[in-house]
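Below is one structure, written out as structure tokens; the observations come after it.
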Amino acid sequence: MAVVASTSRPSIASLEAPRLAHYLAVGLIAGAIIALQISVMRVFAVGSWSHFGSLVVSLAMLGFSLSSVVIFAGKDWFDKHWQGAATSALLLIGPLAVGSNLIAQTVPFNAIFLVSDPEQKWRLLANFLLYLLPFLAGAFFLGIVFLKSRTAFGRVYFADLTGSGLAGLVVLVSMYLFAPETIIVVPLLLWAAGSLLWFSAFSAWKSVVAGAAVAALSIAGYLILPGLLGIPDIAVSQYKGVAYARNFPDGKRIYRSVSPFGDLQVYASSYMHFAPGLSDNAAFGMPEVPANTYVGMYRDGDGPEGIMRNLAPAEQVYFRYLPMHYPYVIKARPKTFVVQFGGGISTQAALDAGSTSVTVAESNPMTLRAFRDPILKDVTGDILAEPRLKVIDYDGRLFLANTTERYDVIDLSLADSVGLSNPGGFAISEKYAYTHEAMLSYMHALADGGVLSVTLWNKEEPPKSVLKLYSTIAEAARTFDSQGAANDIFAVSSYLSTTTVLFKRGGFTEAEIKTLRDYTRSMSWEEVYYPGMAYDGSTAQKILDDYRASIFGSGEDATLTQPAADATAPANPDCDPTAPADPTLDTCAGAGGDAGPQVLPATALERMAWHALLTGGWERLASDYVFDAHALSNDQPYFAAYVKVADLPRTLDRLDLFQDDWGYLLIWATLGIACITAASLVLLPVLFGWRIVFSRSRGKLGTILYFACLGLGYIMVEVGLISRFTVALANPTVSASVLISSMLVFSGLGSLFAERIFDRARTLLPVVLLAICVLLLAYGFTLSLVLDWIGAYPYAVRLLLCFLLVSPPAFLMGMPMATAMTWLARLGKEHLFVWAWGINGCFSVIGSAAVPIVATSFGLSAVLQWAAIAYLVAIPAFFAVLLPSKAPAVRLVTA
């Protein structure tokens, strides 16, 4: 029964019937915690190689789990001293957020050296513990509030979720106003407002004054202390691209813009050279290589993406030496589409090649805004004002999937400035522009005889991402033209530089093949595949075995340090064995043993890959190759995760060989740590209060299973949908903000609505859980098509549609937690009430770590399917929650 305090002095009963001010305060504090999560992600993204999103989410959920264990162990103490404990926790959130961020900048960790430098592991642990502290304080406050208002849990939970969701939108908007080095001001302001409102609700005016003073000191300290103490606002890794630009003697930042799409900066320096795949022959084939050709564009410190200055007519021969010139060798005056504007080089190459029109897409609005700024207009000669140019302000892949226009050339060149996975391998990120479905969209948008040109970095040895690209394009080509795919492909590469794949609708003619081969030789690039290319696979297995031995062998049986003679290379009757040997040319390769230059194993592997892809045998080759080379799809759009699951145990004693896949290995390690931590936190309450737990409460195991399923299912949906929504919103930060906000707001509404079903929960909640399961399965199968459709709308409409799209399952997903927690309180299972909250948090930690593993191994649809199974398992487990605390007494009847 709710009891309202009769005096202004706060009492234990005062939270059994919270007033509006209490709800608003809870919403603001919960919002501050979510805002702090997003802000810390921004700090990580700018300072390190990734935003470590799942790590930050895990930190927050771990805070809730740890706090629940402590509250469980000292429940009687917290019952008596809840006000002092809640006040202390509340006042500590701000100072801990400031202090942890400030100290973390003095112990930055470098992801690249996690294996080679043992100190980096301790630095990472230090960052982990430091950033955990403010989340732990916030979790203590909310945990105490939930404990003391358990009879009104549904409404308090509504305030918690809704406040968190709305705060996500606040942070999204604030990213236009606050740079990453000041973004933590936002959660500090939310925390300050929530604290003052909380104390005011109890008329605790001394606490109001104390709270105002602590808030003012925290915000001032965050803004002022770095300068006073000589500590960087954000310690940016010295190996990030922007760090190099800042260290050039004449390096100068000429432009900066901050937004939810990142921190975009442009630097100019005479030391800046960005030649994307430039042929070595440019040095002696051009009268003079243009000087000061580029400025560098950096997003969150990553890059550079080269922005080419406006070249004089005499200098424009430079474009001929870039690999994106390939399609224009055989297509004169084409109608061209550039899939991604980026730094504008591909667009300039298309214009220079004589395209009658160039349509270019760019999904990042701040990039277009930068190129319309007077500073970059002056650099590029105002390229966006070129009369032949038409700009599409959303994803080029989605535009081509929905347009009736047809193009002579479609170009996707070096869309990723630093390759397909960031240095250090921590970017387990989606690459939807390169998927099977994307390639099919490009192919269908070609006019008859049109050419698709895809160029990407090829800097890995052994080859990894290029093989995934090859298998993706080949699979799409076979789908598009099942009979003639072998005649539709032309591929070249440059060792540790770039690779280019051309697809021609209708197939290449003999004259076009000769023209392309002549151009390839003139650039000293290597032929990988062309229609009619001769092939001898007698050494194929040896190359595969040698590559595996180079990674997993003892080191004595690897023979890849020197180029091997390649019997798989084509015979060339035009070869002149007397010509001077040029190690970059392979015109004599395979023409008879020692007759010509030897072929690098990487080139030989790429040749055998194309032969297998287009003529058969790819499955066996992919199985024998040391790394995963399966095709990308919208369901598995990952170039990362090269290490095969079966090989994971074999990596432990040679981690230094997996620098570009440490991100994938790290998520496995994170999952293992999360499981151990969760098991410990679930078992600790048993050690502290095993008699209470096992003697007073029935249905303990079923209750554990129920809340574990809710924690696992909810977080998997949330994190999994963030990856999905990137399709339509084109940016992971925006996707995370919109998705988290929508999930929490509608789940909060669901928890409020759940009050209507509390008394009929035994019959209605299983129906709700089943409905969630069905919806998640349906979303898994249909969401990709829906998001493709949404992605073609103006950005504001996309934001709204994505916000609403997740509402049906999110609304229903807010009911199970509120209903079960309310019933635990009604049944007097107070210790299980606290323990259940911690179990939910523990399995949320596991779920957030499991999502990238499930997504890379089985696909994003599988993430929703696993979440659906979790909600399905929760149905029978729910009945254990409803069991009374004690079994009814059994009466013996005697005759």
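So you can find residues: chains in the structure tokens are A, B, ... in the order shown, residues in each start at 1, and ligands are numbered from 1 in order.
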
Contacts of segment 471-551 of chain A with segment 599-611 of chain A up to 9 Å, shortest pair per row, only C-alpha atoms, as a Markdown table:
```
| residue | atom | partner | partner_atom | distance |
| --- | --- | --- | --- | --- |
| A:Ser471 | CA | A:Trp610 | CA | 8.1 |
| A:Ala474 | CA | A:Trp610 | CA | 8.0 |
| A:Ala486 | CA | A:His611 | CA | 8.8 |
| A:Ala491 | CA | A:Trp610 | CA | 8.8 |
| A:Ser493 | CA | A:Thr603 | CA | 7.8 |
| A:Ser494 | CA | A:Thr603 | CA | 8.7 |
| A:Tyr495 | CA | A:Thr603 | CA | 7.7 |
| A:Glu526 | CA | A:Thr603 | CA | 7.7 |
| A:Glu527 | CA | A:Arg607 | CA | 8.4 |
| A:Val528 | CA | A:Arg607 | CA | 5.1 |
| A:Tyr529 | CA | A:Arg607 | CA | 6.2 |
| A:Tyr535 | CA | A:His611 | CA | 7.6 |
| A:Asp536 | CA | A:Met608 | CA | 8.8 |
| A:Gly537 | CA | A:Met608 | CA | 7.1 |
| A:Ala540 | CA | A:Met608 | CA | 7.0 |
| A:Ile543 | CA | A:Pro601 | CA | 6.8 |
| A:Leu544 | CA | A:Leu605 | CA | 7.8 |
| A:Tyr547 | CA | A:Pro601 | CA | 8.8 |
```

Near Val57 of chain A, counting only C-alpha atoms, which residues have an atom at most 8 Å away, once you skip same-chain residues fewer than 6 positions from it, shown as number ranges by chain?
A: 37, 845, 848

Any chance you could export the current selection's C-alpha atoms as a short mmCIF file (atom, residue, chain, number, x, y, z; two decimals), in the first residue's frame?
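That gives us selection_29.cif:
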```cif
data_model
loop_
_atom_site.label_atom_id
_atom_site.label_comp_id
_atom_site.auth_asym_id
_atom_site.auth_seq_id
_atom_site.Cartn_x
_atom_site.Cartn_y
_atom_site.Cartn_z
CA GLN A 37 27.89 6.44 -22.94
CA VAL A 845 26.90 -7.48 -20.97
CA SER A 848 26.43 -6.82 -26.30
#
```

Mind the document's chain letters and residue numbers, and return as a ChimeraX atom specification the residues of segment 589-807 of chain A that DSSP labels alpha helix (DSSP H).
/A:601-615,618-624,662-696,700-729,732-753,761-790,795-805,807

Give me the residues near segment 25-29 of chain A as number ranges by chain, where near means some atom within 6 Å (using only C-alpha atoms) and where sequence neighbours in that chain fewer than 3 positions away do not count.
A: 22, 32, 159-160, 163, 190-191, 194, 197-198

Could you pull the residues within 12 Å of segment 679-683 of chain A, counting only C-alpha atoms, minus those fewer than 3 positions along the same chain, as a PDB file with N, CA, C and O atoms, in the first residue's frame?
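Ended up saving to selection_21.pdb:
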```
ATOM      1  N   MET A  61      26.343  -1.539 -18.376  1.00  0.00           N
ATOM      2  CA  MET A  61      25.575  -2.672 -17.858  1.00  0.00           C
ATOM      3  C   MET A  61      26.320  -3.365 -16.714  1.00  0.00           C
ATOM      4  O   MET A  61      25.700  -3.866 -15.776  1.00  0.00           O
ATOM      5  N   LEU A  62      27.647  -3.376 -16.782  1.00  0.00           N
ATOM      6  CA  LEU A  62      28.433  -3.950 -15.697  1.00  0.00           C
ATOM      7  C   LEU A  62      28.247  -3.127 -14.422  1.00  0.00           C
ATOM      8  O   LEU A  62      28.215  -3.676 -13.308  1.00  0.00           O
ATOM      9  N   GLY A  63      28.124  -1.819 -14.581  1.00  0.00           N
ATOM     10  CA  GLY A  63      27.857  -0.973 -13.422  1.00  0.00           C
ATOM     11  C   GLY A  63      26.568  -1.359 -12.728  1.00  0.00           C
ATOM     12  O   GLY A  63      26.510  -1.462 -11.496  1.00  0.00           O
ATOM     13  N   PHE A  64      25.524  -1.617 -13.501  1.00  0.00           N
ATOM     14  CA  PHE A  64      24.250  -2.049 -12.910  1.00  0.00           C
ATOM     15  C   PHE A  64      24.391  -3.403 -12.237  1.00  0.00           C
ATOM     16  O   PHE A  64      23.812  -3.650 -11.175  1.00  0.00           O
ATOM     17  N   SER A  65      25.155  -4.290 -12.839  1.00  0.00           N
ATOM     18  CA  SER A  65      25.323  -5.620 -12.267  1.00  0.00           C
ATOM     19  C   SER A  65      26.074  -5.558 -10.946  1.00  0.00           C
ATOM     20  O   SER A  65      25.678  -6.181  -9.958  1.00  0.00           O
ATOM     21  N   LEU A  66      27.182  -4.817 -10.913  1.00  0.00           N
ATOM     22  CA  LEU A  66      27.961  -4.698  -9.682  1.00  0.00           C
ATOM     23  C   LEU A  66      27.159  -4.039  -8.570  1.00  0.00           C
ATOM     24  O   LEU A  66      27.205  -4.467  -7.411  1.00  0.00           O
ATOM     25  N   SER A  67      26.427  -2.984  -8.928  1.00  0.00           N
ATOM     26  CA  SER A  67      25.639  -2.295  -7.903  1.00  0.00           C
ATOM     27  C   SER A  67      24.567  -3.206  -7.330  1.00  0.00           C
ATOM     28  O   SER A  67      24.289  -3.176  -6.121  1.00  0.00           O
ATOM     29  N   SER A  68      23.981  -4.042  -8.173  1.00  0.00           N
ATOM     30  CA  SER A  68      22.932  -4.944  -7.671  1.00  0.00           C
ATOM     31  C   SER A  68      23.502  -5.957  -6.685  1.00  0.00           C
ATOM     32  O   SER A  68      22.852  -6.321  -5.703  1.00  0.00           O
ATOM     33  N   VAL A  69      24.740  -6.414  -6.948  1.00  0.00           N
ATOM     34  CA  VAL A  69      25.375  -7.358  -6.016  1.00  0.00           C
ATOM     35  C   VAL A  69      25.591  -6.701  -4.659  1.00  0.00           C
ATOM     36  O   VAL A  69      25.294  -7.290  -3.606  1.00  0.00           O
ATOM     37  N   VAL A  70      26.095  -5.466  -4.660  1.00  0.00           N
ATOM     38  CA  VAL A  70      26.354  -4.763  -3.405  1.00  0.00           C
ATOM     39  C   VAL A  70      25.045  -4.478  -2.671  1.00  0.00           C
ATOM     40  O   VAL A  70      24.947  -4.677  -1.447  1.00  0.00           O
ATOM     41  N   PHE A  72      22.278  -6.129  -2.958  1.00  0.00           N
ATOM     42  CA  PHE A  72      21.760  -7.416  -2.487  1.00  0.00           C
ATOM     43  C   PHE A  72      22.435  -7.818  -1.178  1.00  0.00           C
ATOM     44  O   PHE A  72      21.776  -8.229  -0.222  1.00  0.00           O
ATOM     45  N   ALA A  73      23.775  -7.681  -1.156  1.00  0.00           N
ATOM     46  CA  ALA A  73      24.522  -8.103   0.025  1.00  0.00           C
ATOM     47  C   ALA A  73      24.184  -7.242   1.235  1.00  0.00           C
ATOM     48  O   ALA A  73      24.181  -7.731   2.375  1.00  0.00           O
ATOM     49  N   GLY A 672      34.376 -13.854 -23.733  1.00  0.00           N
ATOM     50  CA  GLY A 672      34.831 -14.747 -22.674  1.00  0.00           C
ATOM     51  C   GLY A 672      34.875 -14.053 -21.332  1.00  0.00           C
ATOM     52  O   GLY A 672      34.408 -14.596 -20.314  1.00  0.00           O
ATOM     53  N   ILE A 673      35.414 -12.820 -21.308  1.00  0.00           N
ATOM     54  CA  ILE A 673      35.479 -12.061 -20.058  1.00  0.00           C
ATOM     55  C   ILE A 673      34.075 -11.736 -19.560  1.00  0.00           C
ATOM     56  O   ILE A 673      33.786 -11.810 -18.355  1.00  0.00           O
ATOM     57  N   ALA A 674      33.170 -11.389 -20.489  1.00  0.00           N
ATOM     58  CA  ALA A 674      31.801 -11.066 -20.105  1.00  0.00           C
ATOM     59  C   ALA A 674      31.108 -12.269 -19.472  1.00  0.00           C
ATOM     60  O   ALA A 674      30.385 -12.141 -18.475  1.00  0.00           O
ATOM     61  N   CYS A 675      31.332 -13.450 -20.036  1.00  0.00           N
ATOM     62  CA  CYS A 675      30.714 -14.666 -19.490  1.00  0.00           C
ATOM     63  C   CYS A 675      31.237 -14.963 -18.088  1.00  0.00           C
ATOM     64  O   CYS A 675      30.468 -15.309 -17.176  1.00  0.00           O
ATOM     65  N   ILE A 676      32.551 -14.832 -17.908  1.00  0.00           N
ATOM     66  CA  ILE A 676      33.140 -15.087 -16.586  1.00  0.00           C
ATOM     67  C   ILE A 676      32.625 -14.071 -15.569  1.00  0.00           C
ATOM     68  O   ILE A 676      32.251 -14.419 -14.441  1.00  0.00           O
ATOM     69  N   VAL A 686      24.583 -15.518  -4.200  1.00  0.00           N
ATOM     70  CA  VAL A 686      24.352 -16.806  -3.559  1.00  0.00           C
ATOM     71  C   VAL A 686      25.308 -16.974  -2.376  1.00  0.00           C
ATOM     72  O   VAL A 686      24.934 -17.451  -1.303  1.00  0.00           O
ATOM     73  N   LEU A 687      26.564 -16.547  -2.558  1.00  0.00           N
ATOM     74  CA  LEU A 687      27.541 -16.665  -1.479  1.00  0.00           C
ATOM     75  C   LEU A 687      27.207 -15.736  -0.321  1.00  0.00           C
ATOM     76  O   LEU A 687      27.358 -16.085   0.841  1.00  0.00           O
ATOM     77  N   PHE A 688      26.712 -14.519  -0.664  1.00  0.00           N
ATOM     78  CA  PHE A 688      26.401 -13.561   0.385  1.00  0.00           C
ATOM     79  C   PHE A 688      25.121 -13.926   1.152  1.00  0.00           C
ATOM     80  O   PHE A 688      25.030 -13.718   2.348  1.00  0.00           O
ATOM     81  N   GLY A 689      24.160 -14.427   0.426  1.00  0.00           N
ATOM     82  CA  GLY A 689      22.868 -14.646   1.084  1.00  0.00           C
ATOM     83  C   GLY A 689      22.194 -15.926   0.651  1.00  0.00           C
ATOM     84  O   GLY A 689      21.017 -15.931   0.315  1.00  0.00           O
ATOM     85  N   TRP A 690      22.958 -17.015   0.643  1.00  0.00           N
ATOM     86  CA  TRP A 690      22.427 -18.251   0.095  1.00  0.00           C
ATOM     87  C   TRP A 690      21.236 -18.768   0.893  1.00  0.00           C
ATOM     88  O   TRP A 690      20.309 -19.340   0.336  1.00  0.00           O
ATOM     89  N   VAL A 693      18.210 -16.676  -0.157  1.00  0.00           N
ATOM     90  CA  VAL A 693      17.814 -16.953  -1.530  1.00  0.00           C
ATOM     91  C   VAL A 693      17.154 -18.315  -1.663  1.00  0.00           C
ATOM     92  O   VAL A 693      16.121 -18.482  -2.298  1.00  0.00           O
ATOM     93  N   LYS A 700      13.508 -19.957  -8.137  1.00  0.00           N
ATOM     94  CA  LYS A 700      14.741 -19.162  -8.302  1.00  0.00           C
ATOM     95  C   LYS A 700      15.390 -19.398  -9.659  1.00  0.00           C
ATOM     96  O   LYS A 700      15.759 -18.455 -10.350  1.00  0.00           O
ATOM     97  N   LEU A 701      15.536 -20.655 -10.044  1.00  0.00           N
ATOM     98  CA  LEU A 701      16.210 -20.946 -11.313  1.00  0.00           C
ATOM     99  C   LEU A 701      15.407 -20.429 -12.498  1.00  0.00           C
ATOM    100  O   LEU A 701      15.959 -19.888 -13.454  1.00  0.00           O
ATOM    101  N   ILE A 704      15.906 -16.678 -12.647  1.00  0.00           N
ATOM    102  CA  ILE A 704      17.209 -16.352 -13.237  1.00  0.00           C
ATOM    103  C   ILE A 704      17.139 -16.482 -14.750  1.00  0.00           C
ATOM    104  O   ILE A 704      17.591 -15.597 -15.497  1.00  0.00           O
ATOM    105  N   LEU A 705      16.555 -17.586 -15.222  1.00  0.00           N
ATOM    106  CA  LEU A 705      16.462 -17.805 -16.666  1.00  0.00           C
ATOM    107  C   LEU A 705      15.633 -16.716 -17.333  1.00  0.00           C
ATOM    108  O   LEU A 705      15.991 -16.213 -18.409  1.00  0.00           O
ATOM    109  N   PHE A 707      15.023 -13.494 -16.425  1.00  0.00           N
ATOM    110  CA  PHE A 707      15.686 -12.195 -16.521  1.00  0.00           C
ATOM    111  C   PHE A 707      16.953 -12.266 -17.366  1.00  0.00           C
ATOM    112  O   PHE A 707      17.343 -11.276 -17.990  1.00  0.00           O
ATOM    113  N   ALA A 708      17.585 -13.442 -17.403  1.00  0.00           N
ATOM    114  CA  ALA A 708      18.722 -13.615 -18.312  1.00  0.00           C
ATOM    115  C   ALA A 708      18.260 -13.503 -19.757  1.00  0.00           C
ATOM    116  O   ALA A 708      18.913 -12.856 -20.590  1.00  0.00           O
ATOM    117  N   LEU A 832      15.145 -11.412  -4.430  1.00  0.00           N
ATOM    118  CA  LEU A 832      15.124 -11.767  -5.850  1.00  0.00           C
ATOM    119  C   LEU A 832      14.886 -10.541  -6.710  1.00  0.00           C
ATOM    120  O   LEU A 832      15.361 -10.461  -7.842  1.00  0.00           O
ATOM    121  N   VAL A 834      16.154  -7.533  -6.261  1.00  0.00           N
ATOM    122  CA  VAL A 834      17.454  -6.911  -6.500  1.00  0.00           C
ATOM    123  C   VAL A 834      18.325  -7.802  -7.385  1.00  0.00           C
ATOM    124  O   VAL A 834      18.991  -7.344  -8.313  1.00  0.00           O
ATOM    125  N   TRP A 835      18.310  -9.103  -7.103  1.00  0.00           N
ATOM    126  CA  TRP A 835      19.148 -10.044  -7.843  1.00  0.00           C
ATOM    127  C   TRP A 835      18.742 -10.096  -9.317  1.00  0.00           C
ATOM    128  O   TRP A 835      19.568 -10.150 -10.215  1.00  0.00           O
ATOM    129  N   ALA A 836      17.421 -10.062  -9.556  1.00  0.00           N
ATOM    130  CA  ALA A 836      16.919 -10.131 -10.936  1.00  0.00           C
ATOM    131  C   ALA A 836      17.424  -8.956 -11.758  1.00  0.00           C
ATOM    132  O   ALA A 836      17.779  -9.107 -12.939  1.00  0.00           O
ATOM    133  N   TRP A 837      17.458  -7.767 -11.157  1.00  0.00           N
ATOM    134  CA  TRP A 837      17.964  -6.586 -11.869  1.00  0.00           C
ATOM    135  C   TRP A 837      19.421  -6.789 -12.265  1.00  0.00           C
ATOM    136  O   TRP A 837      19.832  -6.455 -13.373  1.00  0.00           O
ATOM    137  N   GLY A 838      20.213  -7.371 -11.364  1.00  0.00           N
ATOM    138  CA  GLY A 838      21.614  -7.627 -11.665  1.00  0.00           C
ATOM    139  C   GLY A 838      21.795  -8.696 -12.730  1.00  0.00           C
ATOM    140  O   GLY A 838      22.675  -8.586 -13.588  1.00  0.00           O
ATOM    141  N   ILE A 839      20.968  -9.750 -12.671  1.00  0.00           N
ATOM    142  CA  ILE A 839      21.044 -10.808 -13.686  1.00  0.00           C
ATOM    143  C   ILE A 839      20.754 -10.234 -15.065  1.00  0.00           C
ATOM    144  O   ILE A 839      21.437 -10.537 -16.050  1.00  0.00           O
ATOM    145  N   ASN A 840      19.747  -9.377 -15.139  1.00  0.00           N
ATOM    146  CA  ASN A 840      19.411  -8.731 -16.404  1.00  0.00           C
ATOM    147  C   ASN A 840      20.610  -7.941 -16.937  1.00  0.00           C
ATOM    148  O   ASN A 840      20.947  -8.012 -18.124  1.00  0.00           O
ATOM    149  N   GLY A 841      21.290  -7.203 -16.050  1.00  0.00           N
ATOM    150  CA  GLY A 841      22.462  -6.441 -16.462  1.00  0.00           C
ATOM    151  C   GLY A 841      23.612  -7.324 -16.891  1.00  0.00           C
ATOM    152  O   GLY A 841      24.298  -7.047 -17.878  1.00  0.00           O
ATOM    153  N   CYS A 842      23.830  -8.439 -16.159  1.00  0.00           N
ATOM    154  CA  CYS A 842      24.927  -9.351 -16.496  1.00  0.00           C
ATOM    155  C   CYS A 842      24.770  -9.915 -17.907  1.00  0.00           C
ATOM    156  O   CYS A 842      25.721  -9.949 -18.694  1.00  0.00           O
ATOM    157  N   PHE A 843      23.568 -10.368 -18.205  1.00  0.00           N
ATOM    158  CA  PHE A 843      23.369 -10.975 -19.522  1.00  0.00           C
ATOM    159  C   PHE A 843      23.248  -9.927 -20.620  1.00  0.00           C
ATOM    160  O   PHE A 843      23.421 -10.251 -21.798  1.00  0.00           O
ATOM    161  N   VAL A 845      25.474  -7.560 -20.664  1.00  0.00           N
ATOM    162  CA  VAL A 845      26.904  -7.478 -20.972  1.00  0.00           C
ATOM    163  C   VAL A 845      27.290  -8.576 -21.950  1.00  0.00           C
ATOM    164  O   VAL A 845      27.988  -8.360 -22.942  1.00  0.00           O
ATOM    165  N   ILE A 846      26.818  -9.812 -21.669  1.00  0.00           N
ATOM    166  CA  ILE A 846      27.110 -10.937 -22.563  1.00  0.00           C
ATOM    167  C   ILE A 846      26.518 -10.688 -23.942  1.00  0.00           C
ATOM    168  O   ILE A 846      27.165 -10.909 -24.975  1.00  0.00           O
TER     169      ILE A 846
END
```

Quick one: residues within 8 Å of Lys431 of chain A, only C-alpha atoms counted, chain neighbours fewer than 3 positions away excluded, as a compact mmCIF listing (two decimals) with all heavy atoms, in the first residue's frame?
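Result went into result_4.txt, see below:
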```txt
# COMPACT_ATOMS: atom_id res chain seq x y z
N TYR A 434 29.79 -2.61 -50.65
CA TYR A 434 30.52 -3.67 -51.32
C TYR A 434 29.80 -5.02 -51.30
O TYR A 434 30.38 -6.03 -51.66
CB TYR A 434 31.89 -3.85 -50.66
CG TYR A 434 32.81 -2.67 -50.79
CD1 TYR A 434 32.86 -1.69 -49.79
CD2 TYR A 434 33.64 -2.51 -51.89
CE1 TYR A 434 33.71 -0.61 -49.90
CE2 TYR A 434 34.49 -1.43 -52.01
CZ TYR A 434 34.52 -0.47 -51.01
OH TYR A 434 35.36 0.60 -51.12
N THR A 435 28.56 -5.07 -50.87
CA THR A 435 27.88 -6.35 -50.72
C THR A 435 27.39 -6.91 -52.05
O THR A 435 27.36 -6.21 -53.08
CB THR A 435 26.68 -6.21 -49.77
OG1 THR A 435 25.71 -5.34 -50.38
CG2 THR A 435 27.10 -5.64 -48.42
N PRO A 637 27.82 -7.87 -43.93
CA PRO A 637 28.59 -6.88 -44.71
C PRO A 637 29.95 -6.57 -44.10
O PRO A 637 30.33 -5.41 -43.96
CB PRO A 637 27.66 -5.66 -44.64
CG PRO A 637 27.02 -5.76 -43.30
CD PRO A 637 26.88 -7.24 -43.02
N TYR A 638 30.71 -7.60 -43.75
CA TYR A 638 31.95 -7.39 -43.01
C TYR A 638 33.17 -7.86 -43.77
O TYR A 638 33.24 -9.01 -44.19
CB TYR A 638 31.89 -8.14 -41.67
CG TYR A 638 30.75 -7.70 -40.79
CD1 TYR A 638 29.58 -8.45 -40.72
CD2 TYR A 638 30.82 -6.52 -40.05
CE1 TYR A 638 28.52 -8.05 -39.93
CE2 TYR A 638 29.77 -6.11 -39.26
CZ TYR A 638 28.62 -6.87 -39.20
OH TYR A 638 27.57 -6.46 -38.42
N PHE A 639 34.14 -6.96 -43.94
CA PHE A 639 35.44 -7.36 -44.45
C PHE A 639 36.31 -7.90 -43.32
O PHE A 639 37.30 -8.58 -43.57
CB PHE A 639 36.15 -6.18 -45.12
CG PHE A 639 35.74 -5.99 -46.55
CD1 PHE A 639 34.88 -4.98 -46.92
CD2 PHE A 639 36.22 -6.84 -47.53
CE1 PHE A 639 34.51 -4.80 -48.25
CE2 PHE A 639 35.84 -6.67 -48.86
CZ PHE A 639 34.99 -5.66 -49.21
```

Using DSSP on the backbone coordinates, identify the residues of segment 322-417 of chain A assigned to strand (DSSP E or B); present them as a PyMOL selection string.
chain A and resi 335-338+357-361+389-392+407-413

Selected residues written out, C-alpha atoms, as a short mmCIF file (atom, residue, chain, number, x, y, z; two decimals), in the first residue's frame:
```cif
data_model
loop_
_atom_site.label_atom_id
_atom_site.label_comp_id
_atom_site.auth_asym_id
_atom_site.auth_seq_id
_atom_site.Cartn_x
_atom_site.Cartn_y
_atom_site.Cartn_z
CA LYS A 335 27.46 9.07 -68.79
CA THR A 336 29.08 8.39 -65.40
CA PHE A 337 27.88 7.66 -61.88
CA VAL A 338 30.27 7.89 -58.91
CA SER A 357 27.63 14.04 -67.33
CA VAL A 358 28.69 12.88 -63.87
CA THR A 359 26.20 12.01 -61.16
CA VAL A 360 27.85 11.62 -57.78
CA ALA A 361 26.37 10.44 -54.48
CA LEU A 389 27.98 17.49 -62.21
CA LYS A 390 24.80 16.41 -60.42
CA VAL A 391 24.94 15.63 -56.69
CA ILE A 392 22.76 13.02 -54.95
CA TYR A 407 24.95 4.73 -66.94
CA ASP A 408 27.92 3.95 -69.18
CA VAL A 409 30.33 3.95 -66.22
CA ILE A 410 29.65 3.32 -62.55
CA ASP A 411 32.66 3.97 -60.34
CA LEU A 412 33.33 2.82 -56.77
CA SER A 413 36.94 3.75 -56.14
#
```

How many Å lie between atom CA of Asp300 of chain A and atom CA of Pro732 of chain A, rounded to one decimal?
12.8 Å

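Nearest to Gly262 of chain A of all the residues A:Ala243, A:Pro180, A:Ser207, A:Pro276 is A:Pro180, based on only C-alpha atoms.
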
Between atom CA of Phe879 of chain A and atom CA of Ala771 of chain A, distance in Å (one decimal):
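These atoms are spaced 17.3 Å apart.
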
Spatial neighbours of Arg150 of chain A, max dist 12 Å, only C-alpha atoms, sep filter under 6 positions, as JSON, numbers by chain
{"A": [1, 2, 13, 15, 16, 17, 18, 142, 143, 144, 156, 157, 818, 819, 820, 821, 822, 823, 824, 825, 826, 827, 828, 829, 830, 831, 832, 833, 834, 837]}

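Residues with any atom within 9 Å of Cys802 of chain A, counting only C-alpha atoms and excluding same-chain neighbours fewer than 2 positions away, are A:Phe725, A:Ala728, A:Leu729, A:Ser735, A:Val738, A:Leu739, A:Ser742, A:Leu787, A:Ile790, A:Val797, A:Arg798, A:Leu799, A:Leu800, A:Leu804, A:Leu805, A:Val806.
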
I need the residue nearest Tyr793 of chain A from this list: A:Ala646, A:Glu512, A:Ser363, A:Gly616. Use only C-alpha atoms for the distance.
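Going through A:Ala646, A:Glu512, A:Ser363, A:Gly616 one by one, the smallest distance to Tyr793 of chain A is for A:Ser363.
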
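For the pair atom CA of Arg320 of chain A and atom CA of Ile383 of chain A, the separation is 19.2 Å.
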
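Across A:Ala612, A:Val236, A:Ala193, A:Leu502, the tightest approach to Pro323 of chain A is made by A:Leu502 when counting only C-alpha atoms.
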
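Considering the residues A:Asp661, A:Glu405, A:Asp653, A:Asp393 and counting only C-alpha atoms, Gly791 of chain A has its shortest atom-to-atom contact with A:Asp393.
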
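Counting only C-alpha atoms and comparing A:Asn127, A:Asn110, A:Gln238, A:Ser885, the residue that lies closest to Val56 of chain A is A:Asn127.
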
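Candidate residues A:Ala30, A:Arg19, A:Ile219, A:Ile375 were compared for distance to Leu96 of chain A, and the nearest is A:Ile219, using only C-alpha atoms.
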